Number of protein chains: 2
Amino acid sequence: MEFTADQRLDDGVLERRFTLGEIPGILWTPGSASAAAPAPLILLGHPGGLDRMYPRVAARARHSAAEGFASVTIELPGSGERPPSAAAEQARADLRAAVQAGEPVSDDVVDRLVLPLVERAVPEWRAVLDAVLALPGIGSPAGYSGGIISIGVRLAVAEPRIAAAVLFAGSYVPRAIVEEARQVTIPLLVLLQWDDEGNDRQMALDLYDAFGSKEKTLHANLGGHTGVPPWEADSGNRFFSRHLR
Amino acid sequence: MEFTADQRLDDGVLERRFTLGEIPGILWTPGSASAAAPAPLILLGHPGGLDRMYPRVAARARHSAAEGFASVTIELPGSGERPPSAAAEQARADLRAAVQAGEPVSDDVVDRLVLPLVERAVPEWRAVLDAVLALPGIGSPAGYSGGIISIGVRLAVAEPRIAAAVLFAGSYVPRAIVEEARQVTIPLLVLLQWDDEGNDRQMALDLYDAFGSKEKTLHANLGGHTGVPPWEADSGNRFFSRHLR
């Protein structure tokens, strides 16, 4: 893990850009972080394109830092500056074509779009977890927060250091991932935008239903994909405070 | 409105039992309430049988009082000490018979069970609102919190002093009330227990979908009818703090 730039933000948060192998990422630690009381870590998921997503992801990180959490995000495979995947580009084109033609998006397209991404992204997140948890002032357990929800599902199943997750419904979910959700046992907060144009509401409800967790809460709010109300950031902080401390 | 008993609880909350005409009720005001800074009022709905419901309703009232809210509840028509309604008893028997036979509950039974209750309960709540808002130290706007959700819908439409509502899904809802929900415009927080044995989940989701409010949030939690997690009381306080102050 190599730090490439850092700045102290006006709320005291330290923002450090890094690369881990070929993966670029950003780490935020609260001004109050110390080796004596390590800050629990939140992995911030997003749909890819870190430069474009930076304002929203950084706002989430700083909101969490105000409650004493460290946060880290990385670029997704195939997005932003990272080498594109021809297969993913083809799947994305097929998805766009189906949506524009008003046709249902086939399971095959969803599988080709999402499953290879999950296969690549999850080991990368786990490597980031190894690297960040080795830094002073940051401690486990960790949480996952954000989309792509299928990546969150796989991490919740595969990575024992993830103790709780806030999952953003709002992307296509392969049927295999819905089945995998039955193995999830960690506490979950699932956010659903009720009028998300690019999201199948019933699929999101089915996924919530499938989770095996004894504690799972769904927060549905009126509005489109990017219209998550500001108070849900507080909900997320309270949820992680209950489970990561 | 005639006060019949009062006690100061150990958290400083003043609990006063009253009757308004033939309707028994309980009013809770926070220890900090003063005429200078009137406490916003929350109407606490419940499924009827105030003696049986007292522990849960009083706990909700005291939790709200800790955030500076006054709360009031009344016995439902036909419940507890109030004269029973033969038609309601018949509808309840028909409902039980259908459920025990494993048959779907017909719209007719739901209409006969719920609509007359809404017709009687809503004017009573409005009379209570008149009486309580005339007391010193309690101010509008008011909120409604609880079940029966059809009563909450009608109050939200008919009573302009109700500025926000926390509605508990978990009772049968007549189709006419789902239609009426389209006229609701106040901010809503809808609580749904995902595994509520006596509740039709799809009907609850349809009702949430129908509400005309621009701000509406659904919180679904795993568990049965009485298993609402304790942190939802905090969600309710925060929701009312945003909308009643």
# chains A, B, ... in the order shown; residues from 1 in each chain; ligands from 1
$ interface_residues --of "chain A" --to "chain B" --cutoff "8 Å" --atoms "only C-alpha atoms" --output "list in words"
Lys214, Glu215, Lys216, Thr217, Leu218, His219, Ala220, Asn221 and Leu222 of chain A
$ write_last_selection --atoms "N, CA and C atoms" --output "PDB file, in the first residue's frame"
ATOM      1  N   LYS A 214     -30.508 -12.509  11.253  1.00  0.00           N
ATOM      2  CA  LYS A 214     -31.568 -12.361  12.258  1.00  0.00           C
ATOM      3  C   LYS A 214     -31.928 -10.904  12.425  1.00  0.00           C
ATOM      4  N   GLU A 215     -30.950 -10.012  12.276  1.00  0.00           N
ATOM      5  CA  GLU A 215     -31.263  -8.586  12.328  1.00  0.00           C
ATOM      6  C   GLU A 215     -31.093  -7.982  10.952  1.00  0.00           C
ATOM      7  N   LYS A 216     -32.200  -7.600  10.343  1.00  0.00           N
ATOM      8  CA  LYS A 216     -32.129  -6.912   9.046  1.00  0.00           C
ATOM      9  C   LYS A 216     -33.243  -5.887   9.003  1.00  0.00           C
ATOM     10  N   THR A 217     -32.895  -4.700   8.548  1.00  0.00           N
ATOM     11  CA  THR A 217     -33.850  -3.595   8.452  1.00  0.00           C
ATOM     12  C   THR A 217     -33.806  -3.066   7.034  1.00  0.00           C
ATOM     13  N   LEU A 218     -34.986  -2.779   6.488  1.00  0.00           N
ATOM     14  CA  LEU A 218     -35.085  -2.153   5.169  1.00  0.00           C
ATOM     15  C   LEU A 218     -35.572  -0.729   5.362  1.00  0.00           C
ATOM     16  N   HIS A 219     -34.860   0.239   4.809  1.00  0.00           N
ATOM     17  CA  HIS A 219     -35.351   1.622   4.782  1.00  0.00           C
ATOM     18  C   HIS A 219     -35.663   1.969   3.327  1.00  0.00           C
ATOM     19  N   ALA A 220     -36.955   2.091   3.030  1.00  0.00           N
ATOM     20  CA  ALA A 220     -37.353   2.535   1.688  1.00  0.00           C
ATOM     21  C   ALA A 220     -37.731   4.001   1.756  1.00  0.00           C
ATOM     22  N   ASN A 221     -37.256   4.775   0.801  1.00  0.00           N
ATOM     23  CA  ASN A 221     -37.605   6.192   0.728  1.00  0.00           C
ATOM     24  C   ASN A 221     -38.100   6.536  -0.656  1.00  0.00           C
ATOM     25  N   LEU A 222     -39.038   7.479  -0.690  1.00  0.00           N
ATOM     26  CA  LEU A 222     -39.537   7.954  -1.967  1.00  0.00           C
ATOM     27  C   LEU A 222     -38.401   8.628  -2.722  1.00  0.00           C
TER      28      LEU A 222
END
$ residues_around --residues "stretch 64-72 of chain A" --least-positions-apart "3" --cutoff "10 Å" --atoms "only C-alpha atoms" --output "PyMOL selection string"
chain A and resi 11-17+25-33+37-45+57-61+125+128-129+132+137-139+142-145+233-234+236-238+240-241+244
$ write_last_selection --atoms "C-alpha atoms" --output "PDB file, in the first residue's frame"
ATOM      1  CA  ASP A  11     -13.127  19.094   9.782  1.00  0.00           C
ATOM      2  CA  GLY A  12      -9.814  17.558  10.858  1.00  0.00           C
ATOM      3  CA  VAL A  13     -10.269  14.442   8.718  1.00  0.00           C
ATOM      4  CA  LEU A  14      -7.068  13.123   7.107  1.00  0.00           C
ATOM      5  CA  GLU A  15      -7.670  12.127   3.474  1.00  0.00           C
ATOM      6  CA  ARG A  16      -4.962   9.972   1.914  1.00  0.00           C
ATOM      7  CA  ARG A  17      -4.874   8.711  -1.660  1.00  0.00           C
ATOM      8  CA  GLY A  25      -8.090   4.190  -3.456  1.00  0.00           C
ATOM      9  CA  ILE A  26      -8.735   6.783  -0.775  1.00  0.00           C
ATOM     10  CA  LEU A  27      -8.530   6.431   2.990  1.00  0.00           C
ATOM     11  CA  TRP A  28     -10.192   8.853   5.426  1.00  0.00           C
ATOM     12  CA  THR A  29      -9.356   8.823   9.136  1.00  0.00           C
ATOM     13  CA  PRO A  30     -11.025  11.005  11.759  1.00  0.00           C
ATOM     14  CA  GLY A  31      -8.988  13.774  13.373  1.00  0.00           C
ATOM     15  CA  SER A  32      -9.558  12.041  16.693  1.00  0.00           C
ATOM     16  CA  ALA A  33      -8.059   8.703  15.578  1.00  0.00           C
ATOM     17  CA  ALA A  37      -8.619   3.806  20.560  1.00  0.00           C
ATOM     18  CA  PRO A  38      -8.559   2.487  17.002  1.00  0.00           C
ATOM     19  CA  ALA A  39     -11.320   3.739  14.692  1.00  0.00           C
ATOM     20  CA  PRO A  40     -13.576   0.997  13.304  1.00  0.00           C
ATOM     21  CA  LEU A  41     -13.277   0.797   9.517  1.00  0.00           C
ATOM     22  CA  ILE A  42     -16.028   1.166   6.923  1.00  0.00           C
ATOM     23  CA  LEU A  43     -15.501  -0.016   3.337  1.00  0.00           C
ATOM     24  CA  LEU A  44     -17.332   2.448   1.086  1.00  0.00           C
ATOM     25  CA  GLY A  45     -18.745   0.793  -2.008  1.00  0.00           C
ATOM     26  CA  VAL A  57     -18.245   9.150  -1.382  1.00  0.00           C
ATOM     27  CA  ALA A  58     -16.128  11.784   0.413  1.00  0.00           C
ATOM     28  CA  ALA A  59     -19.268  13.277   1.987  1.00  0.00           C
ATOM     29  CA  ARG A  60     -20.217   9.836   3.334  1.00  0.00           C
ATOM     30  CA  ALA A  61     -16.669   9.307   4.651  1.00  0.00           C
ATOM     31  CA  TRP A 125     -11.556  -5.455  -1.057  1.00  0.00           C
ATOM     32  CA  VAL A 128      -7.422  -3.564   1.041  1.00  0.00           C
ATOM     33  CA  LEU A 129      -8.803  -4.740   4.373  1.00  0.00           C
ATOM     34  CA  VAL A 132      -5.642  -0.842   6.064  1.00  0.00           C
ATOM     35  CA  GLY A 137      -5.225   3.802  14.652  1.00  0.00           C
ATOM     36  CA  ILE A 138      -7.598   1.651  12.593  1.00  0.00           C
ATOM     37  CA  GLY A 139      -9.207  -1.477  13.982  1.00  0.00           C
ATOM     38  CA  ALA A 142     -15.192  -3.519   9.786  1.00  0.00           C
ATOM     39  CA  GLY A 143     -18.409  -2.709   7.973  1.00  0.00           C
ATOM     40  CA  TYR A 144     -19.338  -2.477   4.309  1.00  0.00           C
ATOM     41  CA  SER A 145     -21.498   0.417   3.133  1.00  0.00           C
ATOM     42  CA  ALA A 233     -26.445   8.985   6.610  1.00  0.00           C
ATOM     43  CA  ASP A 234     -27.309   9.350  10.309  1.00  0.00           C
ATOM     44  CA  GLY A 236     -26.029   4.417   8.858  1.00  0.00           C
ATOM     45  CA  ASN A 237     -23.851   5.938  11.586  1.00  0.00           C
ATOM     46  CA  ARG A 238     -26.209   4.734  14.304  1.00  0.00           C
ATOM     47  CA  PHE A 240     -22.564   0.968  12.622  1.00  0.00           C
ATOM     48  CA  SER A 241     -22.235   2.414  16.127  1.00  0.00           C
ATOM     49  CA  LEU A 244     -18.854  -2.032  15.243  1.00  0.00           C
TER      50      LEU A 244
END
$ select_by_dssp --residues "stretch 128-238 of chain B" --states "alpha helix (DSSP H)" --output "number ranges by chain"
B: 128-133, 149-158, 175-181, 201-210, 231-238
$ write_last_selection --atoms "N, CA and C atoms" --output "short mmCIF file (atom, residue, chain, number, x, y, z; two decimals), in the first residue's frame"
data_model
loop_
_atom_site.label_atom_id
_atom_site.label_comp_id
_atom_site.auth_asym_id
_atom_site.auth_seq_id
_atom_site.Cartn_x
_atom_site.Cartn_y
_atom_site.Cartn_z
N VAL B 128 -60.43 14.88 21.16
CA VAL B 128 -59.32 14.83 22.12
C VAL B 128 -58.28 15.89 21.78
N LEU B 129 -58.03 16.03 20.49
CA LEU B 129 -57.07 17.05 20.04
C LEU B 129 -57.53 18.44 20.47
N ASP B 130 -58.82 18.75 20.26
CA ASP B 130 -59.38 20.03 20.72
C ASP B 130 -59.10 20.22 22.21
N ALA B 131 -59.42 19.19 22.99
CA ALA B 131 -59.34 19.32 24.45
C ALA B 131 -57.89 19.46 24.92
N VAL B 132 -57.00 18.63 24.37
CA VAL B 132 -55.62 18.63 24.87
C VAL B 132 -54.87 19.88 24.42
N LEU B 133 -55.14 20.34 23.21
CA LEU B 133 -54.43 21.53 22.73
C LEU B 133 -54.89 22.78 23.48
N ILE B 149 -53.67 1.38 11.45
CA ILE B 149 -53.13 2.24 10.38
C ILE B 149 -54.25 2.94 9.60
N SER B 150 -55.43 2.30 9.47
CA SER B 150 -56.53 2.95 8.73
C SER B 150 -57.00 4.22 9.44
N ILE B 151 -56.96 4.20 10.77
CA ILE B 151 -57.32 5.41 11.53
C ILE B 151 -56.29 6.50 11.27
N GLY B 152 -55.02 6.11 11.23
CA GLY B 152 -53.97 7.08 10.94
C GLY B 152 -54.13 7.69 9.55
N VAL B 153 -54.51 6.88 8.58
CA VAL B 153 -54.70 7.39 7.21
C VAL B 153 -55.83 8.43 7.20
N ARG B 154 -56.98 8.07 7.81
CA ARG B 154 -58.11 9.00 7.81
C ARG B 154 -57.78 10.30 8.55
N LEU B 155 -57.07 10.18 9.69
CA LEU B 155 -56.68 11.38 10.43
C LEU B 155 -55.74 12.24 9.59
N ALA B 156 -54.81 11.60 8.89
CA ALA B 156 -53.85 12.35 8.08
C ALA B 156 -54.56 13.13 6.98
N VAL B 157 -55.65 12.56 6.47
CA VAL B 157 -56.40 13.24 5.40
C VAL B 157 -57.32 14.31 5.98
N ALA B 158 -58.00 13.99 7.11
CA ALA B 158 -59.12 14.81 7.57
C ALA B 158 -58.72 15.89 8.57
N ARG B 175 -59.84 -1.70 1.08
CA ARG B 175 -59.38 -1.12 -0.20
C ARG B 175 -59.70 0.37 -0.29
N ALA B 176 -60.83 0.78 0.32
CA ALA B 176 -61.20 2.20 0.28
C ALA B 176 -60.15 3.05 0.99
N ILE B 177 -59.51 2.48 2.02
CA ILE B 177 -58.48 3.23 2.75
C ILE B 177 -57.21 3.32 1.91
N VAL B 178 -56.90 2.26 1.16
CA VAL B 178 -55.74 2.33 0.26
C VAL B 178 -55.95 3.46 -0.76
N GLU B 179 -57.18 3.58 -1.26
CA GLU B 179 -57.48 4.68 -2.19
C GLU B 179 -57.35 6.03 -1.50
N GLU B 180 -57.87 6.09 -0.27
CA GLU B 180 -57.81 7.34 0.50
C GLU B 180 -56.36 7.76 0.76
N ALA B 181 -55.47 6.78 0.86
CA ALA B 181 -54.06 7.07 1.14
C ALA B 181 -53.44 7.96 0.06
N ARG B 201 -48.27 -8.73 3.96
CA ARG B 201 -47.11 -7.91 3.64
C ARG B 201 -47.31 -7.12 2.33
N GLN B 202 -47.88 -7.81 1.34
CA GLN B 202 -48.05 -7.14 0.05
C GLN B 202 -49.03 -5.98 0.17
N MET B 203 -50.09 -6.16 0.99
CA MET B 203 -51.04 -5.07 1.22
C MET B 203 -50.34 -3.87 1.86
N ALA B 204 -49.45 -4.16 2.80
CA ALA B 204 -48.72 -3.07 3.46
C ALA B 204 -47.83 -2.34 2.46
N LEU B 205 -47.16 -3.09 1.57
CA LEU B 205 -46.31 -2.44 0.57
C LEU B 205 -47.15 -1.64 -0.42
N ASP B 206 -48.32 -2.19 -0.79
CA ASP B 206 -49.22 -1.46 -1.69
C ASP B 206 -49.70 -0.16 -1.04
N LEU B 207 -50.00 -0.23 0.26
CA LEU B 207 -50.44 0.97 0.97
C LEU B 207 -49.32 2.01 1.00
N TYR B 208 -48.10 1.56 1.32
CA TYR B 208 -46.96 2.49 1.31
C TYR B 208 -46.83 3.14 -0.07
N ASP B 209 -46.95 2.31 -1.10
CA ASP B 209 -46.84 2.82 -2.48
C ASP B 209 -47.92 3.86 -2.77
N ALA B 210 -49.11 3.65 -2.21
CA ALA B 210 -50.26 4.51 -2.54
C ALA B 210 -50.16 5.91 -1.92
N TRP B 231 -34.71 0.35 18.61
CA TRP B 231 -34.19 1.58 18.01
C TRP B 231 -35.22 2.29 17.13
N GLU B 232 -36.33 1.62 16.79
CA GLU B 232 -37.34 2.32 16.00
C GLU B 232 -38.04 3.41 16.82
N ALA B 233 -38.02 3.28 18.16
CA ALA B 233 -38.55 4.37 18.99
C ALA B 233 -37.71 5.62 18.79
N ASP B 234 -36.40 5.44 18.67
CA ASP B 234 -35.53 6.59 18.38
C ASP B 234 -35.79 7.15 16.99
N SER B 235 -36.04 6.24 16.03
CA SER B 235 -36.35 6.71 14.67
C SER B 235 -37.59 7.60 14.70
N GLY B 236 -38.59 7.17 15.48
CA GLY B 236 -39.83 7.95 15.58
C GLY B 236 -39.57 9.32 16.20
N ASN B 237 -38.79 9.35 17.26
CA ASN B 237 -38.46 10.64 17.88
C ASN B 237 -37.76 11.57 16.90
N ARG B 238 -36.81 11.02 16.15
CA ARG B 238 -36.07 11.88 15.22
C ARG B 238 -36.99 12.37 14.11
#
$ select_by_dssp --residues "stretch 15-164 of chain B" --states "strand (DSSP E or B)" --output "ChimeraX atom specification"
/B:15-20,23-29,39-45,70-74,138-146,162-164
$ write_last_selection --atoms "N, CA and C atoms" --output "mmCIF file, in the first residue's frame"
data_model
loop_
_atom_site.group_PDB
_atom_site.id
_atom_site.type_symbol
_atom_site.label_atom_id
_atom_site.label_comp_id
_atom_site.auth_asym_id
_atom_site.auth_seq_id
_atom_site.Cartn_x
_atom_site.Cartn_y
_atom_site.Cartn_z
ATOM 1 N N GLU B 15 -48.197 11.772 34.351
ATOM 2 C CA GLU B 15 -49.180 10.898 33.690
ATOM 3 C C GLU B 15 -50.549 11.177 34.284
ATOM 4 N N ARG B 16 -51.492 11.597 33.451
ATOM 5 C CA ARG B 16 -52.826 11.928 33.934
ATOM 6 C C ARG B 16 -53.862 11.107 33.198
ATOM 7 N N ARG B 17 -54.704 10.394 33.954
ATOM 8 C CA ARG B 17 -55.839 9.698 33.355
ATOM 9 C C ARG B 17 -57.000 10.665 33.275
ATOM 10 N N PHE B 18 -57.788 10.526 32.216
ATOM 11 C CA PHE B 18 -58.914 11.441 32.033
ATOM 12 C C PHE B 18 -60.068 10.714 31.370
ATOM 13 N N THR B 19 -61.221 11.349 31.401
ATOM 14 C CA THR B 19 -62.328 10.938 30.539
ATOM 15 C C THR B 19 -62.772 12.165 29.751
ATOM 16 N N LEU B 20 -63.153 11.912 28.512
ATOM 17 C CA LEU B 20 -63.724 12.971 27.668
ATOM 18 C C LEU B 20 -65.068 12.412 27.219
ATOM 19 N N ILE B 23 -65.219 8.578 26.869
ATOM 20 C CA ILE B 23 -63.945 8.019 26.383
ATOM 21 C C ILE B 23 -62.867 8.128 27.447
ATOM 22 N N PRO B 24 -62.314 7.008 27.916
ATOM 23 C CA PRO B 24 -61.175 7.101 28.825
ATOM 24 C C PRO B 24 -59.866 7.289 28.055
ATOM 25 N N GLY B 25 -58.942 8.001 28.687
ATOM 26 C CA GLY B 25 -57.655 8.227 28.020
ATOM 27 C C GLY B 25 -56.566 8.556 29.025
ATOM 28 N N ILE B 26 -55.352 8.667 28.503
ATOM 29 C CA ILE B 26 -54.186 8.999 29.336
ATOM 30 C C ILE B 26 -53.362 10.058 28.610
ATOM 31 N N LEU B 27 -52.917 11.036 29.382
ATOM 32 C CA LEU B 27 -52.079 12.117 28.846
ATOM 33 C C LEU B 27 -50.744 12.104 29.586
ATOM 34 N N TRP B 28 -49.666 12.153 28.810
ATOM 35 C CA TRP B 28 -48.322 12.224 29.399
ATOM 36 C C TRP B 28 -47.669 13.542 28.979
ATOM 37 N N THR B 29 -47.145 14.286 29.920
ATOM 38 C CA THR B 29 -46.416 15.507 29.564
ATOM 39 C C THR B 29 -45.028 15.446 30.186
ATOM 40 N N ALA B 39 -44.991 21.817 24.473
ATOM 41 C CA ALA B 39 -44.528 20.538 23.939
ATOM 42 C C ALA B 39 -45.415 20.146 22.760
ATOM 43 N N PRO B 40 -44.824 19.785 21.607
ATOM 44 C CA PRO B 40 -45.647 19.235 20.522
ATOM 45 C C PRO B 40 -46.321 17.952 20.996
ATOM 46 N N LEU B 41 -47.488 17.690 20.436
ATOM 47 C CA LEU B 41 -48.336 16.585 20.916
ATOM 48 C C LEU B 41 -48.313 15.414 19.939
ATOM 49 N N ILE B 42 -48.203 14.215 20.479
ATOM 50 C CA ILE B 42 -48.292 12.994 19.669
ATOM 51 C C ILE B 42 -49.512 12.188 20.115
ATOM 52 N N LEU B 43 -50.368 11.855 19.179
ATOM 53 C CA LEU B 43 -51.509 10.974 19.442
ATOM 54 C C LEU B 43 -51.017 9.537 19.304
ATOM 55 N N LEU B 44 -51.133 8.758 20.370
ATOM 56 C CA LEU B 44 -50.617 7.378 20.351
ATOM 57 C C LEU B 44 -51.744 6.395 20.045
ATOM 58 N N GLY B 45 -51.729 5.855 18.850
ATOM 59 C CA GLY B 45 -52.716 4.853 18.462
ATOM 60 C C GLY B 45 -52.306 3.470 18.931
ATOM 61 N N ALA B 70 -45.275 15.780 24.336
ATOM 62 C CA ALA B 70 -46.434 15.302 25.090
ATOM 63 C C ALA B 70 -47.103 14.204 24.264
ATOM 64 N N SER B 71 -47.761 13.253 24.937
ATOM 65 C CA SER B 71 -48.452 12.167 24.234
ATOM 66 C C SER B 71 -49.815 11.944 24.870
ATOM 67 N N VAL B 72 -50.757 11.550 24.050
ATOM 68 C CA VAL B 72 -52.085 11.233 24.568
ATOM 69 C C VAL B 72 -52.588 9.977 23.876
ATOM 70 N N THR B 73 -53.304 9.142 24.625
ATOM 71 C CA THR B 73 -53.962 7.994 24.014
ATOM 72 C C THR B 73 -55.376 7.888 24.563
ATOM 73 N N ILE B 74 -56.248 7.219 23.807
ATOM 74 C CA ILE B 74 -57.615 6.970 24.274
ATOM 75 C C ILE B 74 -57.984 5.522 23.987
ATOM 76 N N ILE B 138 -48.958 22.618 26.051
ATOM 77 C CA ILE B 138 -49.021 21.666 24.937
ATOM 78 C C ILE B 138 -49.419 22.427 23.682
ATOM 79 N N GLY B 139 -48.691 22.199 22.601
ATOM 80 C CA GLY B 139 -48.943 22.999 21.400
ATOM 81 C C GLY B 139 -49.039 22.155 20.154
ATOM 82 N N SER B 140 -49.649 22.697 19.127
ATOM 83 C CA SER B 140 -49.641 22.046 17.829
ATOM 84 C C SER B 140 -48.392 22.515 17.095
ATOM 85 N N PRO B 141 -47.956 21.918 15.978
ATOM 86 C CA PRO B 141 -48.661 20.837 15.308
ATOM 87 C C PRO B 141 -48.546 19.528 16.085
ATOM 88 N N ALA B 142 -49.431 18.619 15.725
ATOM 89 C CA ALA B 142 -49.448 17.318 16.379
ATOM 90 C C ALA B 142 -49.047 16.232 15.385
ATOM 91 N N GLY B 143 -48.693 15.079 15.937
ATOM 92 C CA GLY B 143 -48.401 13.911 15.113
ATOM 93 C C GLY B 143 -49.259 12.742 15.550
ATOM 94 N N TYR B 144 -49.437 11.785 14.660
ATOM 95 C CA TYR B 144 -50.109 10.532 15.013
ATOM 96 C C TYR B 144 -49.069 9.429 14.958
ATOM 97 N N SER B 145 -49.091 8.519 15.925
ATOM 98 C CA SER B 145 -48.123 7.439 15.942
ATOM 99 C C SER B 145 -48.796 6.146 16.362
ATOM 100 N N GLY B 146 -48.735 5.126 15.500
ATOM 101 C CA GLY B 146 -49.219 3.805 15.895
ATOM 102 C C GLY B 146 -50.164 3.193 14.892
ATOM 103 N N ILE B 162 -52.751 17.533 12.199
ATOM 104 C CA ILE B 162 -51.793 16.413 12.168
ATOM 105 C C ILE B 162 -50.763 16.704 11.069
ATOM 106 N N ALA B 163 -49.520 16.959 11.482
ATOM 107 C CA ALA B 163 -48.504 17.418 10.534
ATOM 108 C C ALA B 163 -47.565 16.310 10.076
ATOM 109 N N ALA B 164 -47.584 15.183 10.752
ATOM 110 C CA ALA B 164 -46.694 14.067 10.395
ATOM 111 C C ALA B 164 -47.203 12.831 11.114
#
$ atom_distance --atom1 "atom CA of A:Arg92" --atom2 "atom CA of A:Met53"
18.9 Å
$ decode --residues "stretch 197-224 of chain A" --atoms "C-alpha atoms" --output "PDB file, in the first residue's frame"
ATOM      1  CA  GLU A 197     -35.497   4.163 -12.401  1.00  0.00           C
ATOM      2  CA  GLY A 198     -32.726   1.616 -12.981  1.00  0.00           C
ATOM      3  CA  ASN A 199     -33.789  -0.803 -10.271  1.00  0.00           C
ATOM      4  CA  ASP A 200     -36.287  -3.630 -10.022  1.00  0.00           C
ATOM      5  CA  ARG A 201     -38.203  -2.938  -6.797  1.00  0.00           C
ATOM      6  CA  GLN A 202     -39.555  -6.465  -6.484  1.00  0.00           C
ATOM      7  CA  MET A 203     -36.060  -7.902  -6.937  1.00  0.00           C
ATOM      8  CA  ALA A 204     -34.822  -5.651  -4.138  1.00  0.00           C
ATOM      9  CA  LEU A 205     -37.661  -6.797  -1.841  1.00  0.00           C
ATOM     10  CA  ASP A 206     -36.955 -10.425  -2.744  1.00  0.00           C
ATOM     11  CA  LEU A 207     -33.292  -9.924  -1.926  1.00  0.00           C
ATOM     12  CA  TYR A 208     -34.157  -8.358   1.446  1.00  0.00           C
ATOM     13  CA  ASP A 209     -36.466 -11.287   2.128  1.00  0.00           C
ATOM     14  CA  ALA A 210     -33.732 -13.792   1.226  1.00  0.00           C
ATOM     15  CA  PHE A 211     -31.076 -12.534   3.653  1.00  0.00           C
ATOM     16  CA  GLY A 212     -30.473 -15.073   6.421  1.00  0.00           C
ATOM     17  CA  SER A 213     -29.594 -12.392   9.008  1.00  0.00           C
ATOM     18  CA  LYS A 214     -31.568 -12.361  12.258  1.00  0.00           C
ATOM     19  CA  GLU A 215     -31.263  -8.586  12.328  1.00  0.00           C
ATOM     20  CA  LYS A 216     -32.129  -6.912   9.046  1.00  0.00           C
ATOM     21  CA  THR A 217     -33.850  -3.595   8.452  1.00  0.00           C
ATOM     22  CA  LEU A 218     -35.085  -2.153   5.169  1.00  0.00           C
ATOM     23  CA  HIS A 219     -35.351   1.622   4.782  1.00  0.00           C
ATOM     24  CA  ALA A 220     -37.353   2.535   1.688  1.00  0.00           C
ATOM     25  CA  ASN A 221     -37.605   6.192   0.728  1.00  0.00           C
ATOM     26  CA  LEU A 222     -39.537   7.954  -1.967  1.00  0.00           C
ATOM     27  CA  GLY A 223     -37.402   9.147  -4.833  1.00  0.00           C
ATOM     28  CA  GLY A 224     -34.971   8.091  -7.521  1.00  0.00           C
TER      29      GLY A 224
END
